[in-house]
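File shown: target.txt (compact mmCIF, C-alpha atoms).
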```txt
# COMPACT_ATOMS: atom_id res chain seq x y z
CA MET A 1 107.77 -11.41 282.60
CA THR A 2 107.00 -8.20 284.46
CA VAL A 3 108.22 -4.74 283.56
CA GLU A 4 108.22 -1.60 285.69
CA LEU A 5 108.54 1.97 284.44
CA ILE A 6 110.37 4.78 286.23
CA CYS A 7 110.21 8.26 284.68
CA VAL A 8 112.79 10.66 286.09
CA GLY A 9 112.45 14.42 286.18
CA THR A 10 111.29 17.09 288.61
CA GLU A 11 109.53 18.82 285.71
CA LEU A 12 107.20 15.80 285.49
CA LEU A 13 106.30 16.06 289.17
CA LEU A 14 105.59 19.77 288.81
CA GLY A 15 103.39 19.21 285.78
CA ASN A 16 105.58 21.41 283.58
CA ILE A 17 105.51 18.75 280.86
CA VAL A 18 103.14 15.88 280.13
CA ASN A 19 104.57 12.42 280.75
CA THR A 20 104.02 10.96 277.29
CA ASN A 21 106.95 8.56 277.74
CA ALA A 22 105.05 6.47 280.27
CA ALA A 23 102.06 6.06 277.97
CA TYR A 24 104.28 5.15 275.03
CA LEU A 25 106.41 2.64 276.95
CA ALA A 26 103.41 1.03 278.66
CA GLU A 27 101.66 0.47 275.33
CA LYS A 28 104.78 -0.92 273.65
CA CYS A 29 105.58 -3.25 276.54
CA ALA A 30 102.00 -4.53 276.59
CA GLY A 31 102.31 -5.26 272.88
CA LEU A 32 105.41 -7.34 273.64
CA GLY A 33 103.46 -9.39 276.16
CA LEU A 34 105.08 -7.87 279.26
CA SER A 35 102.93 -7.28 282.33
CA CYS A 36 103.30 -3.80 283.83
CA TYR A 37 101.97 -3.46 287.38
CA PHE A 38 103.82 -0.37 288.58
CA GLN A 39 104.81 3.04 287.17
CA THR A 40 106.65 5.68 289.15
CA VAL A 41 107.61 9.31 288.59
CA VAL A 42 110.52 10.55 290.68
CA GLY A 43 112.33 13.88 290.70
CA ASP A 44 115.99 14.59 290.09
CA ASN A 45 117.07 13.42 293.53
CA GLY A 46 119.64 10.67 293.87
CA GLU A 47 118.47 9.30 297.21
CA ARG A 48 114.81 9.03 296.22
CA LEU A 49 115.67 7.62 292.79
CA GLY A 50 117.83 4.96 294.45
CA MET A 51 114.99 3.95 296.76
CA VAL A 52 112.52 3.71 293.88
CA LEU A 53 114.92 1.65 291.76
CA GLU A 54 115.71 -0.80 294.58
CA THR A 55 111.99 -1.32 295.17
CA ALA A 56 111.39 -1.91 291.47
CA LEU A 57 114.21 -4.43 291.20
CA GLY A 58 112.76 -6.30 294.15
CA ARG A 59 109.43 -6.97 292.43
CA SER A 60 109.90 -6.75 288.64
CA ASP A 61 111.97 -8.64 286.08
CA ILE A 62 112.68 -5.61 283.91
CA VAL A 63 112.95 -1.97 284.94
CA ILE A 64 112.91 0.76 282.30
CA LEU A 65 113.99 4.25 283.32
CA SER A 66 113.55 7.33 281.13
CA GLY A 67 115.22 10.69 281.62
CA GLY A 68 118.22 11.91 283.58
CA LEU A 69 120.92 10.86 281.08
CA GLY A 70 121.90 14.38 280.04
CA PRO A 71 125.10 16.36 280.72
CA THR A 72 123.96 18.53 283.62
CA GLU A 73 124.58 18.06 287.32
CA ASP A 74 121.00 17.04 288.06
CA ASP A 75 121.08 14.23 285.45
CA LEU A 76 121.66 11.39 287.92
CA THR A 77 119.93 8.33 286.49
CA LYS A 78 123.02 6.57 285.17
CA GLU A 79 125.10 7.29 288.27
CA VAL A 80 122.40 6.15 290.69
CA THR A 81 121.61 3.02 288.68
CA ALA A 82 125.27 2.04 288.49
CA GLY A 83 125.53 2.46 292.25
CA VAL A 84 122.45 0.35 292.98
CA CYS A 85 123.70 -2.37 290.62
CA LYS A 86 127.25 -2.11 292.02
CA LYS A 87 128.82 -1.20 288.68
CA SER A 88 131.61 1.29 287.96
CA LEU A 89 131.25 3.98 285.29
CA VAL A 90 133.90 3.88 282.58
CA MET A 91 134.50 5.99 279.49
CA HIS A 92 132.94 4.38 276.41
CA GLU A 93 135.09 5.65 273.57
CA PRO A 94 132.62 4.92 270.70
CA SER A 95 129.98 6.99 272.53
CA ARG A 96 132.48 9.78 273.15
CA GLU A 97 133.30 9.83 269.44
CA ALA A 98 129.59 9.86 268.52
CA ILE A 99 129.07 12.87 270.79
CA ARG A 100 132.08 14.66 269.25
CA CYS A 101 130.71 14.06 265.74
CA TYR A 102 127.25 15.22 266.77
CA PHE A 103 128.55 18.63 267.82
CA GLU A 104 131.04 18.90 264.98
CA LYS A 105 128.33 18.47 262.34
CA ARG A 106 126.41 21.33 263.92
CA GLY A 107 129.42 23.59 264.25
CA ILE A 108 129.12 23.67 268.06
CA GLU A 109 131.97 23.37 270.53
CA PRO A 110 130.96 20.79 273.20
CA THR A 111 131.38 21.78 276.84
CA ASP A 112 133.28 19.48 279.20
CA ASN A 113 130.13 18.19 280.87
CA ASN A 114 128.95 16.65 277.58
CA TRP A 115 131.57 13.92 277.92
CA LYS A 116 129.78 12.78 281.07
CA GLN A 117 127.19 11.19 278.77
CA ALA A 118 129.85 8.78 277.47
CA MET A 119 130.60 7.48 280.99
CA LEU A 120 128.69 4.19 281.03
CA PRO A 121 128.35 1.24 283.46
CA GLU A 122 131.01 -1.41 282.90
CA GLY A 123 129.80 -4.45 281.01
CA CYS A 124 126.57 -2.84 279.83
CA ILE A 125 124.94 -3.07 276.42
CA VAL A 126 125.20 0.35 274.79
CA LEU A 127 122.26 1.64 272.75
CA GLU A 128 123.24 4.15 270.08
CA ASN A 129 121.32 7.42 270.01
CA HIS A 130 120.79 8.50 266.40
CA ASN A 131 118.73 11.53 267.42
CA GLY A 132 120.69 13.04 270.29
CA THR A 133 123.83 12.75 272.38
CA ALA A 134 122.95 10.51 275.34
CA PRO A 135 123.38 6.79 274.60
CA GLY A 136 120.99 4.32 276.16
CA VAL A 137 122.02 1.46 278.41
CA ILE A 138 120.94 -2.10 279.13
CA MET A 139 122.32 -3.67 282.30
CA GLU A 140 121.87 -7.33 283.22
CA THR A 141 122.37 -7.94 286.91
CA GLU A 142 121.37 -10.84 289.17
CA GLY A 143 118.74 -12.10 286.73
CA LYS A 144 117.20 -8.65 286.29
CA ARG A 145 117.35 -6.19 283.41
CA VAL A 146 117.65 -2.44 283.82
CA ILE A 147 117.16 -0.30 280.72
CA LEU A 148 118.05 3.40 280.67
CA LEU A 149 116.57 5.60 277.95
CA PRO A 150 116.93 9.35 277.25
CA GLY A 151 114.00 11.57 278.24
CA PRO A 152 113.22 13.49 275.01
CA PRO A 153 110.41 11.53 273.31
CA GLY A 154 112.01 11.93 269.88
CA GLU A 155 115.10 10.12 271.16
CA LEU A 156 113.36 7.63 273.45
CA CYS A 157 110.80 6.34 270.92
CA ALA A 158 113.37 5.83 268.16
CA MET A 159 115.79 4.07 270.51
CA PHE A 160 113.06 1.80 271.84
CA GLU A 161 111.95 0.78 268.33
CA GLU A 162 115.51 0.28 267.05
CA SER A 163 117.15 -1.43 270.00
CA VAL A 164 114.96 -2.14 273.02
CA ALA A 165 111.97 -3.82 271.39
CA PRO A 166 114.13 -6.44 269.59
CA TYR A 167 116.05 -7.06 272.83
CA LEU A 168 112.89 -7.58 274.88
CA ALA A 169 111.35 -9.77 272.18
CA GLY A 170 114.43 -12.02 272.36
CA LEU A 171 113.99 -12.70 276.08
CA THR A 172 111.28 -15.28 275.47
CA SER A 173 110.76 -18.01 272.90
CA ARG A 174 107.06 -17.19 272.74
CA VAL A 175 105.76 -14.61 270.30
CA ILE A 176 103.19 -12.05 271.43
CA CYS A 177 100.93 -10.55 268.74
CA SER A 178 98.13 -8.02 269.00
CA GLN A 179 95.43 -6.61 266.79
CA THR A 180 93.37 -3.55 267.64
CA VAL A 181 89.70 -3.25 266.79
CA LYS A 182 88.79 0.45 266.62
CA ILE A 183 85.20 1.48 267.26
CA CYS A 184 83.40 4.82 266.95
CA GLY A 185 79.89 5.86 267.90
CA VAL A 186 79.86 3.57 270.96
CA GLY A 187 80.71 4.70 274.49
CA GLU A 188 83.25 2.87 276.66
CA SER A 189 80.71 1.56 279.16
CA ARG A 190 78.44 0.20 276.43
CA ALA A 191 81.38 -1.35 274.59
CA GLU A 192 82.58 -3.09 277.73
CA THR A 193 79.06 -4.37 278.40
CA ILE A 194 78.93 -5.86 274.91
CA VAL A 195 82.18 -7.78 275.47
CA ARG A 196 81.90 -8.45 279.21
CA ASP A 197 81.39 -12.20 278.73
CA LEU A 198 84.50 -12.36 276.54
CA ILE A 199 86.55 -10.53 279.15
CA ASP A 200 85.32 -12.78 281.96
CA SER A 201 86.16 -15.97 280.06
CA GLN A 202 89.39 -14.85 278.39
CA THR A 203 92.52 -16.98 278.49
CA ASN A 204 94.52 -16.83 275.27
CA PRO A 205 93.83 -14.54 273.49
CA THR A 206 93.05 -11.78 275.94
CA ILE A 207 91.08 -8.62 275.20
CA ALA A 208 91.21 -5.19 276.78
CA THR A 209 89.23 -2.01 276.12
CA TYR A 210 90.80 1.45 275.91
CA ALA A 211 88.82 4.68 275.85
CA LYS A 212 89.93 7.35 273.39
CA THR A 213 88.25 10.71 272.67
CA GLY A 214 85.09 9.69 270.84
CA GLU A 215 86.35 6.16 270.29
CA VAL A 216 86.89 2.82 271.98
CA HIS A 217 89.78 0.54 271.05
CA ILE A 218 89.74 -3.17 271.85
CA ARG A 219 93.13 -4.83 271.77
CA VAL A 220 93.21 -8.58 271.18
CA THR A 221 96.50 -10.17 272.27
CA ALA A 222 97.67 -13.77 271.91
CA GLY A 223 100.84 -15.65 272.71
CA ALA A 224 102.13 -18.63 270.73
CA ASP A 225 105.30 -20.29 269.47
CA ASP A 226 105.31 -18.19 266.30
CA LYS A 227 103.50 -15.24 264.73
CA LYS A 228 101.34 -17.39 262.46
CA ALA A 229 100.03 -19.41 265.39
CA ALA A 230 99.38 -16.26 267.45
CA MET A 231 97.43 -14.59 264.63
CA LYS A 232 95.42 -17.79 264.19
CA LEU A 233 94.28 -17.43 267.82
CA ILE A 234 93.44 -13.75 267.32
CA LYS A 235 91.40 -14.18 264.14
CA PRO A 236 88.26 -15.84 265.67
CA MET A 237 88.09 -13.20 268.43
CA VAL A 238 88.29 -10.35 265.94
CA LYS A 239 85.59 -12.05 263.88
CA GLU A 240 83.36 -12.23 266.96
CA LEU A 241 83.94 -8.55 267.71
CA LYS A 242 83.01 -7.67 264.13
CA HIS A 243 79.80 -9.66 264.56
CA ARG A 244 78.93 -7.81 267.77
CA PHE A 245 79.85 -4.26 266.74
CA GLY A 246 79.18 -4.37 262.99
CA ASN A 247 79.65 -1.05 261.19
CA ASP A 248 80.70 0.68 264.41
CA ILE A 249 84.14 -0.83 263.75
CA TYR A 250 85.97 1.53 261.44
CA THR A 251 89.24 -0.41 261.19
CA THR A 252 91.34 -3.26 262.55
CA GLU A 253 94.57 -1.73 261.26
CA GLU A 254 96.96 -0.15 263.76
CA ASP A 255 97.92 2.89 261.68
CA VAL A 256 94.41 3.86 260.53
CA THR A 257 92.85 6.81 262.38
CA LEU A 258 89.19 7.76 262.39
CA GLU A 259 89.84 10.69 260.07
CA LYS A 260 91.74 8.43 257.65
CA ALA A 261 88.84 5.97 257.70
CA VAL A 262 86.48 8.82 256.78
CA VAL A 263 88.74 10.09 253.98
CA ASP A 264 89.13 6.53 252.63
CA LEU A 265 85.37 6.04 252.70
CA LEU A 266 84.79 9.28 250.79
CA GLN A 267 87.45 8.37 248.23
CA ALA A 268 86.00 4.88 247.75
CA ASN A 269 82.60 6.38 246.96
CA ASP A 270 83.91 9.28 244.88
CA LEU A 271 82.49 11.90 247.27
CA THR A 272 83.66 15.39 248.19
CA VAL A 273 83.26 17.01 251.59
CA THR A 274 82.98 20.50 253.06
CA CYS A 275 83.05 21.51 256.73
CA ALA A 276 81.09 24.32 258.35
CA GLU A 277 82.33 24.97 261.86
CA SER A 278 81.45 27.26 264.71
CA CYS A 279 82.67 26.12 268.15
CA THR A 280 85.33 23.78 266.72
CA GLY A 281 86.93 26.68 264.82
CA GLY A 282 88.54 24.63 262.05
CA LEU A 283 89.64 21.61 264.11
CA LEU A 284 87.46 19.26 262.06
CA SER A 285 88.97 20.49 258.82
CA ALA A 286 92.45 20.15 260.30
CA ARG A 287 91.85 16.51 261.25
CA LEU A 288 90.71 15.68 257.71
CA ILE A 289 93.44 17.66 255.97
CA ASN A 290 96.06 15.92 258.13
CA VAL A 291 95.35 12.72 256.18
CA PRO A 292 97.58 12.24 253.11
CA GLY A 293 95.40 12.27 250.01
CA ALA A 294 92.66 14.36 251.61
CA SER A 295 92.94 16.83 248.72
CA GLU A 296 91.05 14.34 246.56
CA VAL A 297 87.91 14.67 248.69
CA TYR A 298 88.17 17.85 250.77
CA LYS A 299 86.65 20.90 249.07
CA ALA A 300 86.52 23.70 251.63
CA GLY A 301 86.11 24.68 255.23
CA VAL A 302 84.13 27.62 256.55
CA VAL A 303 84.47 28.87 260.14
CA THR A 304 81.33 30.89 260.87
CA TYR A 305 81.67 31.84 264.50
CA SER A 306 79.24 34.76 264.56
CA ASN A 307 75.57 34.74 263.63
CA LYS A 308 76.34 37.32 260.93
CA ALA A 309 78.88 34.95 259.35
CA LYS A 310 76.41 32.06 259.48
CA ARG A 311 73.85 34.15 257.62
CA ARG A 312 76.26 35.64 255.09
CA PHE A 313 78.26 32.56 254.10
CA LEU A 314 75.93 29.64 254.86
CA ASN A 315 72.54 31.24 254.27
CA VAL A 316 71.29 30.44 257.76
CA LYS A 317 67.99 32.28 258.00
CA LYS A 318 67.61 35.20 260.41
CA PRO A 319 64.27 33.85 261.78
CA THR A 320 66.00 30.51 262.51
CA LEU A 321 68.66 32.21 264.60
CA GLN A 322 66.12 34.43 266.36
CA LYS A 323 63.74 31.59 267.20
CA HIS A 324 66.12 28.70 267.90
CA GLY A 325 69.51 30.33 268.50
CA ALA A 326 72.92 29.63 267.02
CA VAL A 327 73.25 26.41 269.00
CA SER A 328 70.25 24.43 267.80
CA GLU A 329 69.20 21.58 265.57
CA ALA A 330 67.65 23.98 263.07
CA THR A 331 70.79 26.10 262.77
CA ALA A 332 73.08 23.08 262.40
CA LYS A 333 70.84 21.73 259.64
CA GLU A 334 70.85 25.00 257.72
CA MET A 335 74.63 25.32 258.16
CA ALA A 336 75.17 21.91 256.56
CA LYS A 337 72.78 22.60 253.71
CA GLY A 338 74.29 26.03 253.13
CA ALA A 339 77.84 24.63 253.07
CA ALA A 340 76.87 21.96 250.55
CA LEU A 341 75.22 24.57 248.34
CA LEU A 342 78.09 27.04 248.67
CA THR A 343 80.82 24.57 247.62
CA LYS A 344 78.79 22.05 245.62
CA ALA A 345 80.12 19.26 247.87
CA ASP A 346 78.49 15.83 248.06
CA VAL A 347 78.87 15.77 251.84
CA ALA A 348 78.71 18.71 254.25
CA VAL A 349 79.33 18.54 257.99
CA ALA A 350 78.33 21.35 260.35
CA VAL A 351 79.17 21.83 264.02
CA THR A 352 77.72 24.41 266.39
CA GLY A 353 77.86 24.35 270.17
CA ILE A 354 78.79 25.88 273.51
CA ALA A 355 82.39 24.94 274.32
CA GLY A 356 82.49 27.00 277.52
CA PRO A 357 83.55 27.81 280.08
CA ASP A 358 80.87 30.51 279.84
CA GLY A 359 77.73 30.89 277.80
CA GLY A 360 75.71 27.98 279.13
CA THR A 361 72.16 28.11 280.46
CA GLU A 362 69.86 25.57 282.09
CA GLU A 363 68.23 24.92 278.74
CA LYS A 364 71.50 24.96 276.80
CA PRO A 365 74.35 23.88 279.08
CA VAL A 366 78.07 24.16 278.41
CA GLY A 367 79.05 21.17 276.31
CA LEU A 368 75.88 21.20 274.23
CA VAL A 369 76.77 20.59 270.56
CA TYR A 370 74.63 20.00 267.49
CA ILE A 371 76.25 18.26 264.53
CA ALA A 372 74.62 17.96 261.12
CA CYS A 373 75.72 15.87 258.18
CA SER A 374 74.24 16.26 254.71
CA VAL A 375 74.87 13.51 252.15
CA LYS A 376 73.55 14.18 248.65
CA GLY A 377 70.88 16.46 250.12
CA GLU A 378 69.79 14.12 252.93
CA THR A 379 70.57 15.74 256.27
CA THR A 380 70.89 14.15 259.71
CA VAL A 381 71.29 16.19 262.90
CA LYS A 382 72.35 14.85 266.29
CA ARG A 383 72.43 16.49 269.71
CA TYR A 384 75.37 15.87 272.08
CA VAL A 385 76.29 17.07 275.54
CA PHE A 386 80.02 16.68 276.16
CA SER A 387 81.80 17.05 279.49
CA GLY A 388 85.19 18.53 280.30
CA ASN A 389 86.93 21.83 279.68
CA ARG A 390 86.75 23.91 276.52
CA GLY A 391 89.45 21.95 274.74
CA LYS A 392 87.91 18.60 275.63
CA VAL A 393 84.46 19.66 274.42
CA ARG A 394 85.89 20.81 271.10
CA ASP A 395 87.95 17.63 270.61
CA SER A 396 84.93 15.48 271.49
CA ALA A 397 82.80 17.39 269.00
CA VAL A 398 85.34 16.80 266.21
CA SER A 399 85.46 13.06 266.91
CA ALA A 400 81.66 12.91 266.99
CA ALA A 401 81.47 14.79 263.69
CA LEU A 402 83.84 12.32 262.04
CA SER A 403 81.85 9.41 263.43
CA LEU A 404 78.54 10.89 262.27
CA THR A 405 79.93 11.60 258.81
CA ARG A 406 81.06 8.01 258.48
CA SER A 407 77.73 6.56 259.63
CA CYS A 408 75.68 8.88 257.38
CA VAL A 409 77.69 7.96 254.29
CA LEU A 410 77.40 4.25 255.10
CA GLU A 411 73.64 4.57 255.66
CA TYR A 412 73.14 6.49 252.44
CA PHE A 413 74.88 3.89 250.31
CA SER A 414 73.20 1.07 252.20
CA ARG A 415 69.82 2.45 251.15
CA VAL A 416 70.98 3.00 247.58
CA THR A 417 72.43 -0.51 247.36
CA PHE A 418 69.29 -2.21 248.63
CA GLY A 419 66.97 -0.08 246.55
CA LYS A 420 65.30 1.64 249.48
CA LYS A 421 65.96 5.15 248.23
```

Go ahead and render the structure in this file as structure tokens.
Amino acid sequence: MTVELICVGTELLLGNIVNTNAAYLAEKCAGLGLSCYFQTVVGDNGERLGMVLETALGRSDIVILSGGLGPTEDDLTKEVTAGVCKKSLVMHEPSREAIRCYFEKRGIEPTDNNWKQAMLPEGCIVLENHNGTAPGVIMETEGKRVILLPGPPGELCAMFEESVAPYLAGLTSRVICSQTVKICGVGESRAETIVRDLIDSQTNPTIATYAKTGEVHIRVTAGADDKKAAMKLIKPMVKELKHRFGNDIYTTEEDVTLEKAVVDLLQANDLTVTCAESCTGGLLSARLINVPGASEVYKAGVVTYSNKAKRRFLNVKKPTLQKHGAVSEATAKEMAKGAALLTKADVAVAVTGIAGPDGGTEEKPVGLVYIACSVKGETTVKRYVFSGNRGKVRDSAVSAALSLTRSCVLEYFSRVTFGKK
């Protein structure tokens, strides 16, 4: 079955907010085995929304619209959809009561236009909103399905998980299952080259690569009569990917992030970690600390933005800074060693670079970053040149630092295990 997404809101067209709903819905629908060939963003204009919806209904089995279900005059999604599907709007008393209770609990007197949200297309399936006031709607018309969801992500995501996903899953007797193989330290182009033959010959299961900041995810999806049969199809493909990518795979679990994989690895080996950051300004520490249980491994973080701070807190030598500069292999190495010594941590990670937009030279361009990782006194330094704006460079540096930390710890214990140290 095919699904089409329509996101409604002039603020999306103007770029005032990022359209995270489209990304969320597309990923969830793909996981349910639905093919999405078209996505549209349309402003709060009834005529244009009607045209977009009619086009979508002409080529897709399911159309999901987000936004435009609120109480204001420019919230037109429900009215336009009802018109296109030739349905009348009627007062849905349970929704009206839910709206009344919502405001009563908060001690707020609802305005008259709030009751507009309880006017729903006749004969529709009503989706309760446990996080807001606008109910969702499922309409079945002429063999097609139209699903209306509220725009706020906190409301949309919860409603999709609670009501829409089970509904969509029930439309077919086949079960669609997916497993994601998450890879770090390998670029998207290289990853795709490694699996190109699998992509070219895929049938069931299918595989698809997705680029993330500093990572590549490969989703393996299979369809079968039941979950057990689908997972049986997925298992050999995941095994083949593990064979091809080896230790570059940090997890095959959906809810495991790169930072969690690093924290888990440190915990498993009874190691502590300290971060010494310059251009990333604490972002690396924040990623690690965001993981529940990080307190068991995380010792300290030092942001040494100036040369004076690098010398004072991390014992970076003045001649090193004078000869090589703050952004250099030598400085990164001394930062990592100094951080380990300062906090007595088993592992120390240091980041220094030029995030931009200014400060670059021909020899040291914007995006140049050196990352050092010291494990039990053994220090590795890598040079990177990242592209993008200041924020992108900093985010890329953090992901690279996590990846390098993971690989250095694995290498260290590999040598210890095999008696090469």

Query - Closest of A:Met231, A:Val366, A:Ala56, A:Leu25 to Ala165 (chain A) - atom-to-atom distances counting all atoms listed in the file - result: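 Once distances to Ala165 (chain A) are computed over all atoms listed in the file, the minimum belongs to A:Leu25.
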
Requested in this report: Please provide the set of residues having any atom within 9 Å of Ala401 (chain A), restricted to all atoms listed in the file, with same-chain residues fewer than 4 positions apart removed, written as a list in words.
Outcome: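 In the requested form, the answer reads Leu284, Val349, Ala350, Val351, Ile371, Ala372, Cys373, Ser396, Ala397, Thr405 and Arg406 of chain A.
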
**Report entry** Proximity to Leu76 (chain A) - best of A:Thr10, A:Asn389, A:Thr251, A:Thr111, all atoms listed in the file
**Finding:**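 Nearest to Leu76 (chain A): A:Thr10.
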
Requested in this report: Tell me, as a PyMOL selection string, which residues lie within 10 Å of Val262 (chain A), counting all atoms listed in the file; anything in the same chain fewer than 3 positions away does not count.
Outcome: chain A and resi 250+257-259+265-268+288+291+294+402-407+409

Quick one: which region 216-328 of chain A residues come within 6 Å of region 168-192 of chain A, and what is the nearest atom pair for each with the distance in Å to one decimal, counting only C-alpha atoms, rows ordered by chain and ascending number, as JSON lines?
```
{"residue": "A:Val216", "atom": "CA", "partner": "A:Ile183", "partner_atom": "CA", "distance": 5.2}
{"residue": "A:His217", "atom": "CA", "partner": "A:Lys182", "partner_atom": "CA", "distance": 4.5}
{"residue": "A:Ile218", "atom": "CA", "partner": "A:Val181", "partner_atom": "CA", "distance": 5.1}
{"residue": "A:Arg219", "atom": "CA", "partner": "A:Thr180", "partner_atom": "CA", "distance": 4.3}
{"residue": "A:Val220", "atom": "CA", "partner": "A:Gln179", "partner_atom": "CA", "distance": 5.3}
{"residue": "A:Thr221", "atom": "CA", "partner": "A:Ser178", "partner_atom": "CA", "distance": 4.2}
{"residue": "A:Ala222", "atom": "CA", "partner": "A:Cys177", "partner_atom": "CA", "distance": 5.6}
{"residue": "A:Gly223", "atom": "CA", "partner": "A:Ile176", "partner_atom": "CA", "distance": 4.5}
{"residue": "A:Ala224", "atom": "CA", "partner": "A:Val175", "partner_atom": "CA", "distance": 5.4}
{"residue": "A:Asp225", "atom": "CA", "partner": "A:Arg174", "partner_atom": "CA", "distance": 4.8}
{"residue": "A:Asp226", "atom": "CA", "partner": "A:Val175", "partner_atom": "CA", "distance": 5.4}
{"residue": "A:Asp248", "atom": "CA", "partner": "A:Ile183", "partner_atom": "CA", "distance": 5.4}
{"residue": "A:Ile249", "atom": "CA", "partner": "A:Ile183", "partner_atom": "CA", "distance": 4.3}
{"residue": "A:Tyr250", "atom": "CA", "partner": "A:Ile183", "partner_atom": "CA", "distance": 5.9}
{"residue": "A:Thr251", "atom": "CA", "partner": "A:Lys182", "partner_atom": "CA", "distance": 5.5}
{"residue": "A:Thr252", "atom": "CA", "partner": "A:Val181", "partner_atom": "CA", "distance": 4.5}
```

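In this structure, CA of Leu314 (chain A) sits 22.6 Å away from CA of Ser399 (chain A).
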
**Report entry** Interatomic distance, CA of Ile147 (chain A) to CA of Lys28 (chain A) (Å, one decimal)
**Finding:**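 Between CA of Ile147 (chain A) and CA of Lys28 (chain A) the gap works out to 14.3 Å.
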
Query raised in the report: Looking at only C-alpha atoms, which of A:Ser88, A:Asn114, A:Asn45, A:Thr2 is the one that sits closest to Ala26 (chain A)?
Result: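 Ranking A:Ser88, A:Asn114, A:Asn45, A:Thr2 by distance to Ala26 (chain A), first place goes to A:Thr2.
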
Box along x, y and z, 3 Å on every side, all listed atoms of region 391-404 of chain A inside: centre and edge lengths in Å to one decimal, as AutoDock Vina command-line options.
```
--center_x 84.0 --center_y 15.7 --center_z 268.8 --size_x 16.9 --size_y 18.5 --size_z 19.6
```

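In terms of minimum interatomic distance to Gly214 (chain A), A:Arg394 ranks closest within A:Leu321, A:Cys7, A:Arg394, A:Leu12, counting only C-alpha atoms.
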
Requested in this report: Identify, on the basis of only C-alpha atoms, every residue whose closest approach to region 84-87 of chain A does not exceed 7 Å; exclude the query and any residue fewer than 2 positions from it along the same chain; express the result as a list in words.
Outcome: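 Counting only the stated atoms, we get Gly50, Val80, Thr81, Ala82, Leu89, Pro121, Glu122 and Thr141 of chain A.
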
Same residues, C-alpha atoms, saved as a compact mmCIF listing (two decimals), keeping the file's coordinate frame:
```txt
# COMPACT_ATOMS: atom_id res chain seq x y z
CA GLY A 50 117.83 4.96 294.45
CA VAL A 80 122.40 6.15 290.69
CA THR A 81 121.61 3.02 288.68
CA ALA A 82 125.27 2.04 288.49
CA LEU A 89 131.25 3.98 285.29
CA PRO A 121 128.35 1.24 283.46
CA GLU A 122 131.01 -1.41 282.90
CA THR A 141 122.37 -7.94 286.91
```

Report task. Could you check which of A:Arg244, A:Arg383, A:Arg311, A:Arg196 is closest to Thr209 (chain A), using only C-alpha atoms? Result ->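 Closest to Thr209 (chain A), using only C-alpha atoms: A:Arg196.
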
Requested in this report: Tell me which protein, DNA and RNA residues are within 10 Å of Glu277 (chain A), counting all atoms listed in the file, leaving out same-chain ones fewer than 6 positions away, and put them as a VMD selection string.
Outcome: chain A and resid 283 to 285 301 to 305 310 332 335 to 336 339 349 to 353 371 398
